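> This is the content of model_2.txt (compact mmCIF, C-alpha atoms):
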```
# COMPACT_ATOMS: atom_id res chain seq x y z
CA MET A 879 0.00 0.00 0.00
CA ARG A 880 1.37 3.40 -0.97
CA LEU A 881 0.98 6.18 1.58
CA VAL A 882 -0.23 9.35 -0.10
CA ILE A 883 0.17 12.68 1.67
CA PRO A 884 -2.67 15.02 0.71
CA GLN A 885 -1.59 18.20 -1.04
CA PRO A 886 -3.63 21.18 0.19
CA ASP A 887 -4.08 24.42 -1.71
CA PRO A 888 -0.88 26.53 -1.27
CA ARG A 889 -2.97 29.70 -1.41
CA GLN A 890 -4.51 28.81 1.94
CA ARG A 891 -1.28 29.14 3.95
CA PRO A 892 -0.64 32.57 5.51
CA ALA A 893 2.66 34.28 4.83
CA PRO A 894 4.91 34.44 7.90
CA ALA A 895 6.28 37.91 7.14
CA ASP A 896 6.30 40.24 10.12
CA ILE A 897 4.45 37.73 12.27
CA CYS A 898 6.86 38.56 15.09
CA GLU A 899 5.50 42.07 15.07
CA GLY A 900 2.17 40.72 16.31
CA GLN A 901 0.35 40.37 12.99
CA VAL A 902 -1.32 37.00 13.43
CA PRO A 903 -3.27 36.10 10.29
CA ASP A 904 -6.89 35.04 10.32
CA LEU A 905 -6.82 31.28 9.98
CA ALA A 906 -10.56 30.74 9.75
CA ALA A 907 -10.22 29.45 6.20
CA ASN A 908 -6.48 28.68 6.18
CA GLU A 909 -6.30 24.97 6.84
CA GLY A 910 -3.93 24.14 4.00
CA GLY A 911 -0.24 24.32 3.27
CA PRO A 912 2.25 24.54 0.41
CA ARG A 913 2.56 21.71 -2.05
CA LEU A 914 5.36 19.20 -1.41
CA ASN A 915 7.26 17.62 -4.28
CA ASP A 916 8.10 13.91 -4.43
CA SER A 917 11.51 14.38 -2.82
CA GLU A 918 10.06 16.40 0.06
CA ARG A 919 7.30 13.87 0.68
CA GLU A 920 9.87 11.09 0.72
CA ALA A 921 12.05 13.07 3.14
CA LEU A 922 9.03 13.64 5.38
CA LEU A 923 8.22 9.92 5.52
CA LEU A 924 11.87 9.10 6.17
CA ASN A 925 11.98 11.54 9.08
CA ILE A 926 8.79 10.12 10.56
CA ASP A 927 10.29 6.64 10.33
CA VAL A 928 13.55 7.77 11.96
CA SER A 929 11.67 9.60 14.74
CA LEU A 930 9.86 6.41 15.74
CA ARG A 931 13.23 4.73 16.39
CA VAL A 932 14.43 7.42 18.81
CA HIS A 933 14.62 6.30 22.45
CA THR A 934 17.75 8.03 23.81
CA ARG A 935 19.23 11.51 23.74
CA PRO A 936 22.13 10.52 21.44
CA GLN A 937 19.62 9.05 19.00
CA LEU A 938 17.58 12.25 19.19
CA PHE A 939 20.68 14.37 18.62
CA SER A 940 21.57 12.27 15.58
CA TRP A 941 18.12 12.74 14.10
CA VAL A 942 17.63 16.49 14.71
CA GLN A 943 21.16 17.35 13.57
CA GLY A 944 20.98 14.88 10.68
CA ALA A 945 17.89 13.86 8.71
CA LEU A 946 15.59 16.51 10.22
CA GLN A 947 17.78 19.20 8.65
CA SER A 948 16.36 18.22 5.24
CA LEU A 949 12.93 19.43 6.42
CA ILE A 950 13.69 22.26 8.85
CA PRO A 951 17.27 23.53 8.51
CA HIS A 952 18.51 24.87 11.82
CA GLU A 953 21.68 25.41 13.81
CA VAL A 954 19.99 25.37 17.22
CA LEU A 955 16.97 23.46 18.55
CA VAL A 956 15.64 24.19 22.04
CA CYS A 957 12.97 21.90 23.52
CA GLY A 958 10.82 22.94 26.48
CA LEU A 959 8.41 20.76 28.48
CA GLN A 960 5.77 22.42 30.66
CA GLU A 961 5.32 19.79 33.38
CA ASN A 962 2.96 21.95 35.45
CA ARG A 963 1.42 25.38 35.10
CA GLN A 964 3.31 26.93 38.02
CA GLY A 965 6.79 25.46 37.59
CA ALA A 966 9.51 26.29 35.10
CA MET A 967 9.83 24.31 31.88
CA ARG A 968 12.22 21.41 31.60
CA VAL A 969 14.55 22.46 28.78
CA ASP A 970 17.04 20.68 26.54
CA SER A 971 19.13 22.12 23.69
CA PHE A 972 20.70 20.53 20.61
CA THR A 973 23.32 22.18 18.43
CA THR A 974 26.65 21.58 16.75
CA ALA A 975 27.56 25.26 17.22
CA PRO A 976 30.37 26.14 19.65
CA VAL A 977 28.10 27.04 22.55
CA ASP A 978 27.38 25.74 26.03
CA THR A 979 24.00 24.04 25.61
CA THR A 980 23.38 24.22 29.36
CA LYS A 981 23.70 28.00 29.19
CA LEU A 982 21.45 28.10 26.13
CA SER A 983 18.79 26.09 27.96
CA GLU A 984 19.02 28.41 30.95
CA LEU A 985 18.61 31.49 28.75
CA PHE A 986 15.50 29.92 27.20
CA GLN A 987 14.14 28.99 30.63
CA GLN A 988 14.74 32.44 32.12
CA ASP A 989 13.73 34.53 29.10
CA VAL A 990 10.90 36.97 29.84
CA SER A 991 10.79 38.60 26.41
CA LEU A 992 11.12 36.53 23.24
CA VAL A 993 9.87 33.14 24.48
CA PRO A 994 6.65 34.42 26.14
CA HIS A 995 5.96 36.50 23.03
CA LEU A 996 6.40 33.48 20.73
CA ILE A 997 4.15 31.37 22.94
CA LYS A 998 1.49 34.08 22.84
CA LEU A 999 1.72 34.33 19.05
CA TRP A 1000 1.57 30.55 18.73
CA GLU A 1001 -1.58 30.41 20.85
CA GLU A 1002 -3.17 33.25 18.87
CA ASN A 1003 -2.23 31.39 15.69
CA ARG A 1004 -4.36 28.44 16.83
CA CYS A 1005 -1.29 26.49 17.93
CA GLN A 1006 0.31 26.44 14.49
CA ALA A 1007 3.96 27.22 13.80
CA VAL A 1008 5.09 30.85 13.82
CA THR A 1009 8.30 32.53 12.65
CA CYS A 1010 10.21 35.56 13.90
CA GLU A 1011 13.33 37.61 13.24
CA THR A 1012 15.14 38.31 16.51
CA GLU A 1013 17.77 40.78 15.32
CA ARG A 1014 15.30 43.67 15.28
CA GLY A 1015 12.24 44.77 17.16
CA PRO A 1016 11.49 44.97 20.88
CA PHE A 1017 12.93 41.51 21.67
CA ALA A 1018 16.41 41.99 20.21
CA SER A 1019 17.79 43.24 23.53
CA GLY A 1020 16.88 40.09 25.48
CA ALA A 1021 19.67 37.73 26.58
CA LEU A 1022 18.36 34.80 24.51
CA ALA A 1023 17.96 36.91 21.37
CA ARG A 1024 21.47 38.34 21.83
CA GLU A 1025 22.94 34.84 22.18
CA LEU A 1026 21.16 33.66 19.03
CA LEU A 1027 22.39 36.74 17.18
CA ARG A 1028 25.94 36.04 18.39
CA LEU A 1029 25.64 32.58 16.83
CA GLY A 1030 24.35 34.11 13.59
CA VAL A 1031 20.94 32.43 13.90
CA SER A 1032 18.53 35.34 14.07
CA SER A 1033 15.62 33.57 12.32
CA VAL A 1034 13.47 31.39 14.57
CA LEU A 1035 10.56 29.06 14.02
CA ALA A 1036 8.47 28.17 17.06
CA HIS A 1037 5.92 25.42 17.53
CA GLY A 1038 4.54 23.36 20.39
CA THR A 1039 1.93 20.92 21.63
CA HIS A 1040 -1.11 21.44 23.82
CA ASP A 1041 -3.58 19.49 25.93
CA ALA A 1042 -7.33 19.09 25.40
CA GLY A 1043 -7.90 22.44 27.11
CA GLY A 1044 -5.65 24.28 24.66
CA ASN A 1045 -2.93 24.75 27.28
CA MET A 1046 0.66 24.48 26.07
CA THR A 1047 2.43 21.27 27.12
CA SER A 1048 5.68 21.67 25.19
CA PHE A 1049 7.41 24.28 23.06
CA TYR A 1050 10.14 24.00 20.43
CA LEU A 1051 12.35 26.71 18.99
CA PHE A 1052 14.32 26.18 15.78
CA ALA A 1053 16.96 28.87 15.20
CA SER A 1054 18.55 29.26 11.80
CA ARG A 1055 20.46 31.69 9.63
CA PRO A 1056 18.43 34.43 7.92
CA GLY A 1057 16.43 33.24 4.93
CA ALA A 1058 16.43 29.53 5.81
CA LEU A 1059 12.95 29.41 7.37
CA GLY A 1060 9.91 30.19 5.26
CA VAL A 1061 6.35 29.15 4.53
CA LYS A 1062 7.25 25.58 3.63
CA GLN A 1063 9.24 25.08 6.84
CA THR A 1064 6.34 26.29 8.99
CA TYR A 1065 4.05 23.83 7.21
CA LEU A 1066 6.55 20.99 7.67
CA ALA A 1067 6.89 21.93 11.34
CA ASP A 1068 3.12 21.49 11.74
CA LEU A 1069 3.55 17.96 10.37
CA VAL A 1070 6.73 16.82 12.09
CA VAL A 1071 6.70 18.50 15.54
CA PRO A 1072 4.24 15.95 17.02
CA TYR A 1073 6.77 13.25 16.15
CA LEU A 1074 9.60 15.38 17.54
CA ASN A 1075 7.64 15.82 20.76
CA ASN A 1076 7.08 12.09 21.18
CA ALA A 1077 10.73 11.34 20.38
CA TRP A 1078 12.01 13.90 22.88
CA LEU A 1079 9.69 12.63 25.60
CA ARG A 1080 10.94 9.08 25.04
CA SER A 1081 14.52 10.34 25.28
CA GLN A 1082 13.73 11.74 28.76
CA VAL A 1083 12.82 8.30 30.10
CA THR A 1084 15.44 6.02 31.65
CA TRP A 1085 14.70 2.97 29.56
CA PRO A 1086 15.90 -0.57 30.33
CA LEU A 1087 18.58 -1.44 27.82
CA ASP A 1088 16.54 -4.04 25.95
CA ARG A 1089 13.59 -1.64 25.55
CA ALA A 1090 15.81 1.18 24.33
CA GLY A 1091 17.37 -1.12 21.75
CA ALA A 1092 20.85 -0.47 23.16
CA ASN A 1093 21.65 -4.17 23.24
CA LYS A 1094 20.93 -4.61 19.57
CA PRO A 1095 24.03 -4.46 17.39
CA ALA A 1096 24.19 -2.01 14.54
CA LYS A 1097 23.65 -3.43 11.09
CA SER A 1098 27.24 -2.67 10.24
CA GLY A 1099 27.55 -5.73 7.98
CA LEU A 1100 25.26 -4.06 5.46
CA LEU A 1101 28.12 -1.82 4.25
CA THR A 1102 31.82 -2.43 3.79
CA PRO A 1103 34.22 -0.65 6.18
CA ARG A 1104 35.18 1.76 3.38
CA GLU A 1105 31.54 2.54 2.60
CA GLN A 1106 30.86 3.17 6.29
CA GLN A 1107 33.91 5.42 6.45
CA ILE A 1108 32.77 7.47 3.44
CA LEU A 1109 29.20 7.68 4.79
CA GLN A 1110 30.57 8.98 8.08
CA TRP A 1111 32.31 11.81 6.23
CA ILE A 1112 29.13 12.52 4.24
CA TYR A 1113 27.35 12.89 7.58
CA HIS A 1114 29.90 15.58 8.46
CA GLY A 1115 29.07 17.45 5.25
CA LYS A 1116 32.13 16.57 3.16
CA SER A 1117 31.98 16.49 -0.64
CA ASN A 1118 33.35 13.65 -2.79
CA ILE A 1119 36.47 15.71 -3.53
CA GLU A 1120 37.05 16.45 0.17
CA ILE A 1121 36.51 12.81 1.14
CA GLY A 1122 38.92 11.73 -1.58
CA MET A 1123 41.59 14.07 -0.21
CA ILE A 1124 41.02 12.85 3.36
CA LEU A 1125 41.14 9.14 2.42
CA GLU A 1126 43.74 9.64 -0.34
CA ILE A 1127 41.57 8.11 -3.04
CA SER A 1128 40.12 9.62 -6.21
CA PRO A 1129 36.76 11.47 -6.21
CA LEU A 1130 35.55 8.93 -8.81
CA THR A 1131 36.28 6.09 -6.40
CA VAL A 1132 34.37 7.94 -3.70
CA LYS A 1133 31.46 8.43 -6.10
CA ASN A 1134 31.38 4.70 -6.89
CA HIS A 1135 31.30 3.83 -3.18
CA VAL A 1136 28.49 6.36 -2.61
CA GLN A 1137 26.41 4.88 -5.44
CA LYS A 1138 26.85 1.38 -4.02
CA THR A 1139 25.89 2.66 -0.58
CA LEU A 1140 22.69 4.26 -1.92
CA ARG A 1141 21.71 0.96 -3.57
CA LYS A 1142 22.43 -1.09 -0.45
CA LEU A 1143 20.42 1.26 1.75
CA ASN A 1144 17.66 1.52 -0.87
CA VAL A 1145 17.64 5.33 -0.81
CA MET A 1146 17.71 8.03 -3.48
CA ASN A 1147 20.28 10.54 -2.26
CA ARG A 1148 23.00 11.31 0.30
CA THR A 1149 20.65 12.97 2.79
CA GLN A 1150 18.38 9.94 2.85
CA ALA A 1151 21.42 7.68 3.18
CA VAL A 1152 22.60 9.55 6.27
CA GLY A 1153 19.12 9.48 7.80
CA LYS A 1154 18.77 5.73 7.29
CA ALA A 1155 22.33 5.08 8.49
CA LEU A 1156 21.58 6.99 11.70
CA ALA A 1157 18.43 4.94 12.22
CA LEU A 1158 20.37 1.70 11.66
CA ARG A 1159 23.24 2.97 13.85
CA ILE A 1160 25.74 2.57 11.02
CA VAL A 1161 26.88 6.19 11.38
CA ASN A 1162 28.00 7.57 14.73
CA PRO A 1163 27.09 11.19 15.57
```
Take the structure in the file and write it out as structure tokens.

Amino acid sequence: MRLVIPQPDPRQRPAPADICEGQVPDLAANEGGPRLNDSEREALLLNIDVSLRVHTRPQLFSWVQGALQSLIPHEVLVCGLQENRQGAMRVDSFTTAPVDTTKLSELFQQDVSLVPHLIKLWEENRCQAVTCETERGPFASGALARELLRLGVSSVLAHGTHDAGGNMTSFYLFASRPGALGVKQTYLADLVVPYLNNAWLRSQVTWPLDRAGANKPAKSGLLTPREQQILQWIYHGKSNIEIGMILEISPLTVKNHVQKTLRKLNVMNRTQAVGKALALRIVNP
């Protein structure tokens, strides 16, 4: 059976421009989203599949800094869980940027400017994803906004989950470089954040080893040692020429190994190969 993702009318999705300024669009008739092409639909299904295999924080880190980047490119992801209405959120941060993630989580937890504003906009937007530019406006002076600006990630996309009463239960902030987050990313966030939420919650649980899958060996026999080595460098963003220089082999040899790897993993491109390799624990983050 082939899973078909419905393609709503792209004209029904509100533009995110200036939404941080408090202009929340009327969503009474806007229940659609932009049209996804075949590659994007395939990437979405791949990410959903990978998310269901996440049980630990390292697995979550591998997913959000790997395959999830094909849907929502970001340098920083901050996750917040509202365990009760009076207490502070439990916060966790994921990034490959040179920053203390503990400090980043604390800034998110203590922020009284940008985060409350984003939550308010999200609630006014009927709990759908919102975007914001943090380098200007009344929130640019806050400690969290300044830290994001220091990292060069002044564009943010925010989304969350809520209970049956409409009360926020979790909140997620994707921070990226200017221009990387647009209408399509907000639509994809609406689709994938529920899976992100479930994956992050599972990663917070201290699972017995057999339930977490930690006792299961990686399917390393699927690829040769050289193919695994090349795939590891692909995960780190290296091109065929760069990998060839590192391993002292020709770019054509690298290309041949990559093509064999794609066939063995039954995927179409390098991004999908990395995502599947992370799920199979062939690649180490």
> Tell me, in Å to one decimal, how far atom CA of Leu982 of chain A is from atom CA of Gly1030 of chain A.
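Going from atom CA of Leu982 of chain A over to atom CA of Gly1030 of chain A covers 14.2 Å.
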> For the atom pair atom CA of Ser1048 of chain A and atom CA of Asn1162 of chain A, what is the interatomic distance in Å to one decimal place?
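Result for atom CA of Ser1048 of chain A versus atom CA of Asn1162 of chain A: 28.4 Å, one decimal.
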> Between atom CA of Leu985 of chain A and atom CA of Asn1003 of chain A, what distance in Å does the model show, to one decimal?
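Atom CA of Asn1003 of chain A lies 24.6 Å from atom CA of Leu985 of chain A.
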> With all atoms listed in the file as the atoms that count, which of A:Lys1142, A:Arg1024, A:Arg968, A:Arg1004 lies nearest to Leu992 of chain A?
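Closest to Leu992 of chain A of all the choices is A:Arg1024.
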> Considering all atoms listed in the file, return as a ChimeraX atom specification whatever protein or nucleic-acid residues lie within 8 Å of Leu1059 of chain A, sequence-local ones (same chain, fewer than 2 positions apart) excluded.
/A:950-951,1009,1033-1035,1054,1056-1057,1061-1064
